[in-house]
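Chemist: Sharing query32.cif (mmCIF, C-alpha atoms and all ligand atoms) below.
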data_coords
#
loop_
_atom_site.label_atom_id
_atom_site.label_comp_id
_atom_site.auth_asym_id
_atom_site.auth_seq_id
_atom_site.Cartn_x
_atom_site.Cartn_y
_atom_site.Cartn_z
CA MET A 1 184.64 29.09 42.46
CA ILE A 2 187.25 27.30 40.35
CA LEU A 3 185.88 26.47 36.92
CA ASP A 4 187.29 24.36 34.13
CA SER A 5 186.66 24.84 30.42
CA ASN A 6 183.24 23.24 30.79
CA ASN A 7 182.43 25.74 33.49
CA SER A 8 182.23 23.16 36.21
CA TYR A 9 184.16 22.41 39.35
CA LYS A 10 184.66 18.68 39.73
CA GLY A 11 185.90 18.19 43.28
CA VAL A 12 189.30 17.81 44.93
CA ILE A 13 190.43 14.62 43.14
CA ASP A 14 189.98 16.25 39.79
CA ARG A 15 191.47 19.59 40.77
CA TYR A 16 194.57 18.22 42.48
CA LYS A 17 195.04 14.89 40.69
CA GLN A 18 198.76 15.58 40.04
CA PHE A 19 199.31 15.62 43.80
CA LEU A 20 197.12 12.63 44.65
CA PRO A 21 197.62 8.85 44.37
CA VAL A 22 194.97 8.53 41.66
CA THR A 23 195.04 7.36 38.04
CA GLY A 24 192.66 7.43 35.11
CA ASN A 25 191.18 4.22 36.56
CA THR A 26 190.28 5.77 39.89
CA PRO A 27 186.55 6.45 39.88
CA ARG A 28 185.59 10.03 40.63
CA ILE A 29 183.34 9.50 43.65
CA THR A 30 182.67 13.12 44.44
CA LEU A 31 180.05 15.40 45.96
CA LEU A 32 182.09 18.44 44.84
CA GLU A 33 183.85 18.73 48.19
CA GLY A 34 186.59 21.29 48.76
CA ASN A 35 186.83 24.74 47.15
CA THR A 36 185.76 26.19 50.49
CA PRO A 37 186.04 29.91 51.22
CA LEU A 38 188.99 31.54 52.93
CA ILE A 39 187.16 34.31 54.75
CA HIS A 40 189.05 37.36 55.97
CA SER A 41 188.36 38.03 59.64
CA PRO A 42 188.23 41.75 60.40
CA VAL A 43 187.56 41.19 64.11
CA LEU A 44 190.53 38.89 64.71
CA SER A 45 192.86 40.85 62.41
CA GLU A 46 192.12 44.02 64.33
CA LYS A 47 192.63 42.26 67.64
CA LEU A 48 196.17 41.32 66.64
CA GLY A 49 197.09 44.68 65.10
CA SER A 50 197.64 46.29 61.72
CA ARG A 51 200.49 43.98 60.65
CA PHE A 52 198.24 40.96 60.87
CA ASP A 53 195.74 39.42 58.50
CA VAL A 54 193.67 36.58 59.89
CA TYR A 55 191.72 34.29 57.57
CA LEU A 56 189.19 31.58 58.36
CA LYS A 57 189.23 28.44 56.21
CA TYR A 58 185.57 27.54 56.55
CA GLU A 59 185.43 23.79 56.10
CA GLY A 60 181.86 23.65 57.34
CA LEU A 61 180.85 24.37 53.75
CA ASN A 62 181.86 20.94 52.51
CA PRO A 63 179.01 18.68 51.28
CA THR A 64 178.49 16.93 54.63
CA GLY A 65 179.54 19.94 56.68
CA SER A 66 183.12 19.10 57.64
CA PHE A 67 186.63 18.76 56.19
CA LYS A 68 186.31 14.97 56.40
CA ASP A 69 184.83 15.03 52.88
CA ARG A 70 188.20 15.94 51.34
CA GLY A 71 189.76 12.74 52.59
CA MET A 72 186.65 10.64 52.13
CA THR A 73 186.35 11.30 48.40
CA VAL A 74 189.83 9.81 47.92
CA ALA A 75 189.42 6.97 50.44
CA ILE A 76 186.10 5.82 48.99
CA ALA A 77 187.27 6.21 45.39
CA LYS A 78 190.31 4.03 46.15
CA ALA A 79 188.17 1.45 47.96
CA VAL A 80 185.91 1.22 44.90
CA GLU A 81 188.94 1.04 42.59
CA GLU A 82 190.19 -1.86 44.71
CA LYS A 83 186.78 -3.55 44.28
CA MET A 84 185.87 -3.34 47.96
CA LYS A 85 182.17 -3.66 48.74
CA ALA A 86 182.19 -2.20 52.24
CA VAL A 87 183.96 0.36 54.42
CA ILE A 88 184.10 0.71 58.18
CA CYS A 89 185.04 3.50 60.58
CA ALA A 90 184.96 4.57 64.19
CA SER A 91 183.73 8.09 64.60
CA THR A 92 183.11 11.01 66.90
CA GLY A 93 180.50 11.94 64.29
CA ASN A 94 181.84 13.69 61.22
CA THR A 95 183.82 10.79 59.81
CA SER A 96 180.67 8.68 59.93
CA ALA A 97 178.56 11.39 58.29
CA SER A 98 181.08 11.71 55.50
CA ALA A 99 181.74 7.98 55.07
CA ALA A 100 177.99 7.34 54.96
CA ALA A 101 177.37 9.99 52.30
CA TYR A 102 180.27 8.97 50.04
CA SER A 103 179.39 5.28 50.41
CA ALA A 104 175.82 6.06 49.42
CA ARG A 105 177.18 7.90 46.42
CA ALA A 106 179.41 4.95 45.50
CA GLY A 107 176.74 2.33 46.20
CA ILE A 108 178.79 0.42 48.79
CA LYS A 109 178.08 -0.61 52.35
CA CYS A 110 179.18 1.58 55.26
CA VAL A 111 179.54 0.39 58.85
CA VAL A 112 180.03 2.93 61.61
CA VAL A 113 181.00 2.33 65.24
CA ILE A 114 180.36 5.25 67.58
CA PRO A 115 180.68 5.90 71.31
CA GLU A 116 177.17 5.73 72.77
CA GLY A 117 175.70 9.11 73.66
CA ALA A 118 178.84 11.04 72.72
CA ILE A 119 178.13 12.20 69.21
CA ALA A 120 176.26 15.30 68.14
CA LEU A 121 172.69 14.78 66.98
CA GLY A 122 173.13 16.27 63.50
CA LYS A 123 175.99 13.91 62.73
CA LEU A 124 174.12 10.83 63.89
CA ALA A 125 171.16 11.89 61.76
CA GLN A 126 173.43 12.20 58.73
CA ALA A 127 174.96 8.73 59.10
CA LEU A 128 171.51 7.18 59.56
CA ILE A 129 169.75 8.95 56.71
CA HIS A 130 172.57 7.96 54.33
CA ASN A 131 171.79 4.40 55.36
CA ALA A 132 175.01 3.48 57.14
CA LYS A 133 174.88 0.55 59.56
CA VAL A 134 175.44 2.49 62.78
CA ILE A 135 176.47 0.60 65.90
CA ALA A 136 176.91 2.36 69.23
CA ILE A 137 179.26 0.83 71.80
CA LYS A 138 179.35 1.34 75.55
CA GLY A 139 182.84 2.79 75.32
CA ASN A 140 184.65 5.85 74.02
CA PHE A 141 186.05 6.71 70.59
CA ASP A 142 189.41 5.12 71.31
CA CYS A 143 187.72 1.75 72.05
CA ALA A 144 185.64 2.09 68.88
CA LEU A 145 188.81 2.68 66.82
CA ASP A 146 190.50 -0.41 68.27
CA ILE A 147 187.49 -2.52 67.29
CA VAL A 148 187.22 -1.31 63.68
CA LYS A 149 190.99 -1.60 63.16
CA GLU A 150 190.83 -5.24 64.21
CA ILE A 151 187.84 -5.95 61.94
CA ALA A 152 189.43 -4.24 58.92
CA ALA A 153 192.63 -6.21 59.46
CA ASN A 154 190.76 -9.52 59.28
CA TYR A 155 187.81 -9.07 56.92
CA ALA A 156 187.20 -7.71 53.41
CA VAL A 157 186.31 -4.19 54.49
CA THR A 158 188.31 -0.97 54.13
CA LEU A 159 189.04 1.17 57.16
CA VAL A 160 188.28 4.82 56.36
CA ASN A 161 189.51 6.47 59.55
CA SER A 162 192.35 8.93 59.10
CA ILE A 163 194.94 6.19 59.55
CA ASN A 164 193.88 5.30 56.00
CA PRO A 165 196.63 7.14 54.08
CA TYR A 166 194.20 8.19 51.32
CA ARG A 167 192.29 10.26 53.88
CA ILE A 168 195.41 12.30 54.63
CA GLU A 169 196.15 12.65 50.93
CA GLY A 170 192.72 14.12 50.26
CA GLN A 171 192.78 16.37 53.31
CA LYS A 172 196.09 17.97 52.34
CA THR A 173 194.25 19.71 49.47
CA ALA A 174 193.02 22.29 52.00
CA SER A 175 196.59 23.65 52.25
CA PHE A 176 196.82 23.76 48.46
CA GLU A 177 193.62 25.79 48.25
CA ILE A 178 194.88 28.26 50.86
CA CYS A 179 198.16 28.81 49.00
CA ASP A 180 196.46 28.98 45.60
CA TYR A 181 194.08 31.60 46.94
CA LEU A 182 196.64 33.72 48.80
CA LYS A 183 199.34 33.18 46.14
CA PHE A 184 201.77 32.51 49.00
CA GLY A 185 202.03 30.36 52.13
CA PRO A 186 200.67 31.75 55.42
CA ASN A 187 203.04 32.40 58.33
CA PHE A 188 200.91 30.57 60.88
CA HIS A 189 198.28 27.90 60.57
CA LEU A 190 196.03 27.16 63.55
CA LEU A 191 193.72 24.18 63.82
CA PRO A 192 191.98 21.89 66.29
CA VAL A 193 193.66 18.57 67.01
CA GLY A 194 191.72 15.38 67.77
CA ASN A 195 193.10 12.25 66.16
CA ALA A 196 195.70 14.55 64.56
CA GLY A 197 195.02 13.44 60.99
CA ASN A 198 194.26 16.96 59.88
CA ILE A 199 197.39 18.63 61.24
CA THR A 200 199.34 15.81 59.57
CA ALA A 201 197.54 16.42 56.29
CA TYR A 202 197.93 20.21 56.27
CA TRP A 203 201.61 19.97 57.05
CA LYS A 204 202.11 17.40 54.28
CA GLY A 205 200.28 19.67 51.84
CA TYR A 206 202.34 22.73 52.72
CA LYS A 207 205.59 20.79 52.44
CA GLU A 208 204.62 19.44 49.01
CA TYR A 209 203.77 22.91 47.72
CA TYR A 210 207.03 24.20 49.15
CA SER A 211 209.14 21.48 47.56
CA ARG A 212 207.49 22.11 44.19
CA GLY A 213 208.31 25.80 44.48
CA LYS A 214 204.69 26.89 44.69
CA ILE A 215 205.28 28.72 47.96
CA SER A 216 208.48 30.17 49.37
CA CYS A 217 207.74 29.97 53.09
CA LEU A 218 206.23 27.30 55.30
CA PRO A 219 203.82 28.16 58.12
CA GLN A 220 204.35 27.35 61.77
CA MET A 221 201.71 24.78 62.68
CA LEU A 222 199.80 25.67 65.86
CA GLY A 223 197.50 22.86 67.02
CA PHE A 224 194.95 23.02 69.83
CA GLN A 225 193.44 20.22 71.87
CA ALA A 226 190.65 20.60 74.38
CA LYS A 227 192.08 20.72 77.90
CA GLY A 228 190.09 17.67 79.03
CA ALA A 229 191.34 15.71 76.03
CA SER A 230 194.92 16.91 75.61
CA PRO A 231 197.13 13.81 75.48
CA ILE A 232 199.70 15.35 73.14
CA VAL A 233 200.11 18.42 75.36
CA LYS A 234 200.44 16.29 78.49
CA GLY A 235 202.54 13.62 76.81
CA LYS A 236 200.34 10.73 77.89
CA PRO A 237 197.06 9.14 76.73
CA PHE A 238 193.84 10.21 78.47
CA LYS A 239 191.74 7.26 79.62
CA ASN A 240 188.56 9.29 79.96
CA PRO A 241 188.79 12.31 77.65
CA GLU A 242 186.16 14.95 78.41
CA THR A 243 185.13 18.02 76.45
CA LEU A 244 181.94 19.45 74.99
CA ALA A 245 183.82 19.66 71.69
CA THR A 246 182.93 16.05 70.85
CA ALA A 247 184.84 16.03 67.54
CA ILE A 248 188.13 16.33 69.43
CA ARG A 249 187.22 14.19 72.42
CA ILE A 250 190.06 11.76 71.84
CA GLY A 251 192.39 10.33 74.44
CA ASN A 252 194.91 8.51 72.27
CA PRO A 253 195.33 10.16 68.85
CA ALA A 254 196.01 7.80 65.95
CA SER A 255 198.45 10.24 64.31
CA TRP A 256 200.14 11.34 67.53
CA GLN A 257 203.70 10.94 66.19
CA LYS A 258 202.90 12.76 62.94
CA ALA A 259 201.47 15.66 64.91
CA ILE A 260 204.70 15.90 66.90
CA GLU A 261 206.63 15.89 63.62
CA ALA A 262 204.46 18.70 62.21
CA ARG A 263 205.06 20.69 65.38
CA GLU A 264 208.84 20.09 65.44
CA GLU A 265 209.51 20.51 61.72
CA SER A 266 207.45 23.70 61.47
CA GLY A 267 208.71 25.21 64.72
CA GLY A 268 205.13 25.37 65.93
CA LEU A 269 203.34 24.24 69.06
CA ILE A 270 200.49 22.10 70.33
CA ASP A 271 198.65 23.63 73.24
CA SER A 272 195.27 23.22 74.90
CA VAL A 273 192.21 25.43 75.36
CA THR A 274 189.48 25.05 77.96
CA ASP A 275 185.85 24.36 77.10
CA LYS A 276 185.11 27.87 78.35
CA GLN A 277 187.59 29.36 75.90
CA ILE A 278 186.16 27.18 73.11
CA VAL A 279 182.60 28.33 73.78
CA SER A 280 183.66 31.94 73.99
CA ALA A 281 185.40 31.71 70.56
CA TYR A 282 182.39 29.81 69.21
CA LYS A 283 180.03 32.60 70.22
CA MET A 284 182.40 35.30 69.02
CA LEU A 285 182.63 33.72 65.55
CA ALA A 286 178.86 33.52 65.25
CA LYS A 287 178.17 36.99 66.62
CA GLY A 288 181.21 38.92 65.41
CA GLU A 289 181.96 37.27 62.07
CA GLY A 290 178.68 35.69 60.99
CA VAL A 291 180.31 32.26 60.85
CA PHE A 292 178.57 29.38 62.61
CA VAL A 293 180.86 26.47 63.47
CA GLU A 294 180.67 23.46 65.71
CA PRO A 295 182.45 23.78 69.06
CA ALA A 296 185.54 21.73 68.13
CA SER A 297 186.14 24.04 65.18
CA ALA A 298 186.35 27.04 67.46
CA ALA A 299 189.41 25.54 69.20
CA SER A 300 191.63 27.11 66.53
CA VAL A 301 190.27 30.59 67.21
CA ALA A 302 190.28 30.01 70.97
CA GLY A 303 193.95 29.14 70.55
CA LEU A 304 194.59 32.31 68.58
CA ILE A 305 193.01 34.41 71.31
CA LYS A 306 194.93 32.57 74.02
CA LEU A 307 198.25 33.14 72.25
CA GLU A 308 197.41 36.78 71.58
CA ARG A 309 196.75 37.34 75.31
CA LYS A 310 200.08 35.77 76.14
CA GLY A 311 201.83 38.24 73.81
CA PHE A 312 202.88 35.47 71.40
CA PHE A 313 202.21 37.51 68.26
CA LYS A 314 203.92 40.67 69.55
CA LYS A 315 207.23 38.83 69.28
CA VAL A 316 206.59 37.84 65.67
CA LYS A 317 208.77 39.74 63.19
CA GLY A 318 207.66 41.01 59.78
CA LYS A 319 205.69 43.85 58.23
CA LYS A 320 202.89 41.61 57.14
CA VAL A 321 201.90 38.43 58.92
CA THR A 322 199.28 36.08 57.50
CA ILE A 323 197.44 33.71 59.78
CA VAL A 324 194.95 31.02 58.80
CA CYS A 325 192.59 29.32 61.26
CA THR A 326 190.78 26.22 60.05
CA LEU A 327 187.13 26.04 61.06
CA THR A 328 186.64 22.31 60.70
CA GLY A 329 182.86 21.83 60.77
CA HIS A 330 179.47 23.51 60.50
CA GLY A 331 177.54 24.77 63.51
CA LEU A 332 174.32 23.06 62.45
CA LYS A 333 175.94 19.73 63.26
CA ASP A 334 175.45 20.38 66.93
CA PRO A 335 172.37 22.58 67.41
CA GLN A 336 171.97 21.47 71.02
CA ILE A 337 175.15 23.28 72.03
CA ALA A 338 173.95 26.47 70.36
CA ILE A 339 170.60 26.29 72.13
CA LYS A 340 172.35 25.76 75.45
CA ASN A 341 174.42 28.88 74.96
CA ILE A 342 171.73 31.36 74.08
CA LYS A 343 168.64 32.72 75.76
CA ARG A 344 165.40 31.16 74.56
CA PRO A 345 163.29 33.65 72.59
CA PRO A 346 160.61 35.50 74.58
CA VAL A 347 156.99 34.64 73.80
CA VAL A 348 154.53 37.53 73.54
CA LYS A 349 150.96 38.18 72.37
CA PRO A 350 150.58 38.44 68.55
CA LYS A 351 150.45 42.26 68.65
CA ILE A 352 152.67 44.75 66.78
CA LYS A 353 153.11 46.77 69.95
CA GLU A 354 154.30 43.76 71.92
CA VAL A 355 156.81 42.71 69.27
CA LEU A 356 158.13 46.26 68.84
CA LYS A 357 158.59 46.69 72.58
CA ILE A 358 161.02 43.80 72.74
CA SER A 359 162.61 44.13 69.27
CA GLY A 360 164.95 46.98 70.07
CA ILE A 361 163.96 48.73 66.81
CA ILE A 362 162.53 51.70 68.67
C1 LIG A 401 187.55 15.31 62.85
C2 LIG A 401 187.36 16.67 63.36
C3 LIG A 401 188.35 17.34 64.08
C4 LIG A 401 189.65 16.69 64.47
O1 LIG A 401 190.47 16.40 63.38
P1 LIG A 401 191.64 15.32 63.54
O2 LIG A 401 192.09 15.06 62.16
O3 LIG A 401 191.02 14.13 64.19
O4 LIG A 401 192.67 15.94 64.41
C5 LIG A 401 188.12 18.63 64.48
N1 LIG A 401 186.95 19.25 64.20
C6 LIG A 401 185.98 18.63 63.51
C7 LIG A 401 184.71 19.37 63.25
C8 LIG A 401 186.14 17.33 63.06
O5 LIG A 401 185.16 16.73 62.39
#
Take the structure in the file and give it back as structure tokens.
Modeler:
Amino acid sequence: MILDSNNSYKGVIDRYKQFLPVTGNTPRITLLEGNTPLIHSPVLSEKLGSRFDVYLKYEGLNPTGSFKDRGMTVAIAKAVEEKMKAVICASTGNTSASAAAYSARAGIKCVVVIPEGAIALGKLAQALIHNAKVIAIKGNFDCALDIVKEIAANYAVTLVNSINPYRIEGQKTASFEICDYLKFGPNFHLLPVGNAGNITAYWKGYKEYYSRGKISCLPQMLGFQAKGASPIVKGKPFKNPETLATAIRIGNPASWQKAIEAREESGGLIDSVTDKQIVSAYKMLAKGEGVFVEPASAASVAGLIKLERKGFFKKVKGKKVTIVCTLTGHGLKDPQIAIKNIKRPPVVKPKIKEVLKISGII
């Protein structure tokens, strides 16, 4: 926990105000987002070998359960500063949960357009309970984004999707936290790629810390799309993106070009992982590390495992190699996927003997 002289952490705007487009007049609309743990992963570090240290940036511990809160605190604060009374977004779920919560906090209206039937239950519940006006369309995320862009361009309402530059500004604070914690920049940074706002934001953050002399090396950015929704990997938009990782089910990423830049400038790559590989990493994180994430989040770790199998890391030079995987959202967002991937608990008579027999204790 980062504390100031009053012993209180005040959120990412306050902590990183020198790096953000805020002034004394920008209201601090915060739910104390950010300051998330960078958890060392013994299982993954061991898998790669003794030269490697793998860390998990667990963004599921943000106030609404995903990294979206880092960008939303800045986007909503700026909307309020600009006297806007309403915000709008398209969402695969987490953007709407975050926009709804921060709008509730700010006392402004929030309108959310979602693809019908394609968002996880926990996320829909969040947007609704925070009193957003939620509208489902018979179309996918990409259609929803086109609609809200058009509305924001013509009416007095601020778009808070990641094409809003303040979102990217807020989200880059995750890189700052990683470097501040490690006291250096990692060698590799792996993360899931959907609309590609986050890879854009992380890369911007690392570059800013580098140019201010806070770190002396920049990571290679390694982004992972789901195979059924991998437009950047294939070099063409997907009309009907399909993956169980709904947060990255995007066929035409808004920050496509920026993601390519992050890849090229950092000497990294953008690859895809199958749903099977995602689920396997998802289960491994829960069982092996005690970290419960939503499926999309596991794409970073699935990517790490895929690259390890291909011998990618064997070719990496250096005595000590530091790798960070972002885990973008909390597992409780999508309990239905968890339930689908485990055996239902057995039901027995209420007898000590019966429970013991199955428990594995004896
Ligand atoms: C939004 C989101 C992503 C994708 O991030 P982009 O910035 O759209 O690339 C991945 N995982 C989770 C949990 C998300 O909420």
Chemist: Given a cut-off of 6 Å, what residues near ligand LIG 401 (chain A) show up using all atoms listed in the file, put as a list in words?
Modeler: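 Those within range of ligand LIG 401 (chain A) are Ser66, Asn94, Pro192, Val193, Gly194, Asn195, Ala196, Gly197, Asn198, Ala247, Ile248, Ala296, Ser297, Thr328 and Gly329 of chain A.
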Chemist: If I take CA of Ala229 (chain A) and CA of Lys258 (chain A), how far is one from the other in Å, to one decimal?
Modeler: 17.7 Å
Chemist: Would you mind reading off the distance between CA of Ala262 (chain A) and CA of Tyr206 (chain A), one decimal, in Å?
Modeler: 10.5 Å
Chemist: Can you work out which one of A:Glu59, A:Phe176, A:Ser91, A:Ser45 has the shortest atom-to-atom distance to Arg212 (chain A), counting all atoms listed in the file?
Modeler: A:Phe176
Chemist: CA of Val324 (chain A) and CA of Leu56 (chain A), how far apart in Å?
Modeler: 5.8 Å
Chemist: Find the nearest atom pair between each residue of region 231-308 of chain A and region 144-159 of chain A for residues within 12 Å, count all atoms listed in the file, give distances in Å to one decimal, sort rows by chain and ascending number, and present the table as a tab-separated table.
Modeler:
residue	atom	partner	partner_atom	distance
A:Ile250	CA	A:Leu145	CA	10.5
A:Gly251	CA	A:Leu145	CA	11.4
A:Asn252	CA	A:Leu145	CA	10.0
A:Pro253	CA	A:Leu145	CA	10.1
A:Ala254	CA	A:Leu145	CA	8.9
Chemist: Measuring between only C-alpha atoms, which one of A:Ala118, A:Ala201, A:Ile215, A:Ala127 shows the shortest distance to Thr246 (chain A)?
Modeler: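 Among the listed residues, the smallest separation from Thr246 (chain A) belongs to A:Ala118.
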Chemist: Smallest atom-to-atom distance to Leu244 (chain A): which of A:Tyr16, A:Tyr282, A:Tyr181, A:Trp203, using all atoms listed in the file?
Modeler: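 Going through A:Tyr16, A:Tyr282, A:Tyr181, A:Trp203 one by one, the smallest distance to Leu244 (chain A) is for A:Tyr282.
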Chemist: When you count all atoms listed in the file, which of these residues is closest to His40 (chain A): A:Tyr55, A:Lys214, A:Pro237, A:Ile232?
Modeler: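 Using all atoms listed in the file, His40 (chain A) sits closest to A:Tyr55.
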Chemist: Enumerate, as a PyMOL selection string, the protein, DNA and RNA residues whose atoms approach (185.9, 0.8, 43.4) to within 12 Å, taking into account all atoms listed in the file and the coordinate frame of the file.
Modeler: chain A and resi 25-29+73-87+102-103+105-109+158
Chemist: Near Lys57 (chain A), counting all atoms listed in the file, which residues have an atom at most 12 Å away, once you skip same-chain residues fewer than 2 positions from it, shown as a ChimeraX atom specification?
Modeler: /A:34-41,54-55,59-62,66-67,174-179,181-182,186,189-191,202,291,293,297-298,300-301,323-330
Chemist: Which residue, A:Glu242, A:Asp69, A:Glu265, A:Asp142, has the smallest gap to Lys172 (chain A) when you use all atoms listed in the file?
Modeler: A:Asp69
Chemist: Considering only C-alpha atoms, state which residue in the set A:Leu48, A:Val111, A:Leu20, A:Cys143 is at the smallest distance from Val316 (chain A).
Modeler: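 Result for the nearest residue to Val316 (chain A): A:Leu48.
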Chemist: Within 9 Å of Lys138 (chain A), counting all atoms listed in the file, which residues qualify if same-chain residues fewer than 4 places away don't, as a PDB file with C-alpha atoms, in the coordinates of the input?
Modeler:
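Output file around.pdb follows:
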ATOM      1  CA  ILE A 114     180.360   5.250  67.580  1.00  0.00           C
ATOM      2  CA  PRO A 115     180.680   5.900  71.310  1.00  0.00           C
ATOM      3  CA  GLU A 116     177.170   5.730  72.770  1.00  0.00           C
ATOM      4  CA  GLY A 117     175.700   9.110  73.660  1.00  0.00           C
TER       5      GLY A 117
END
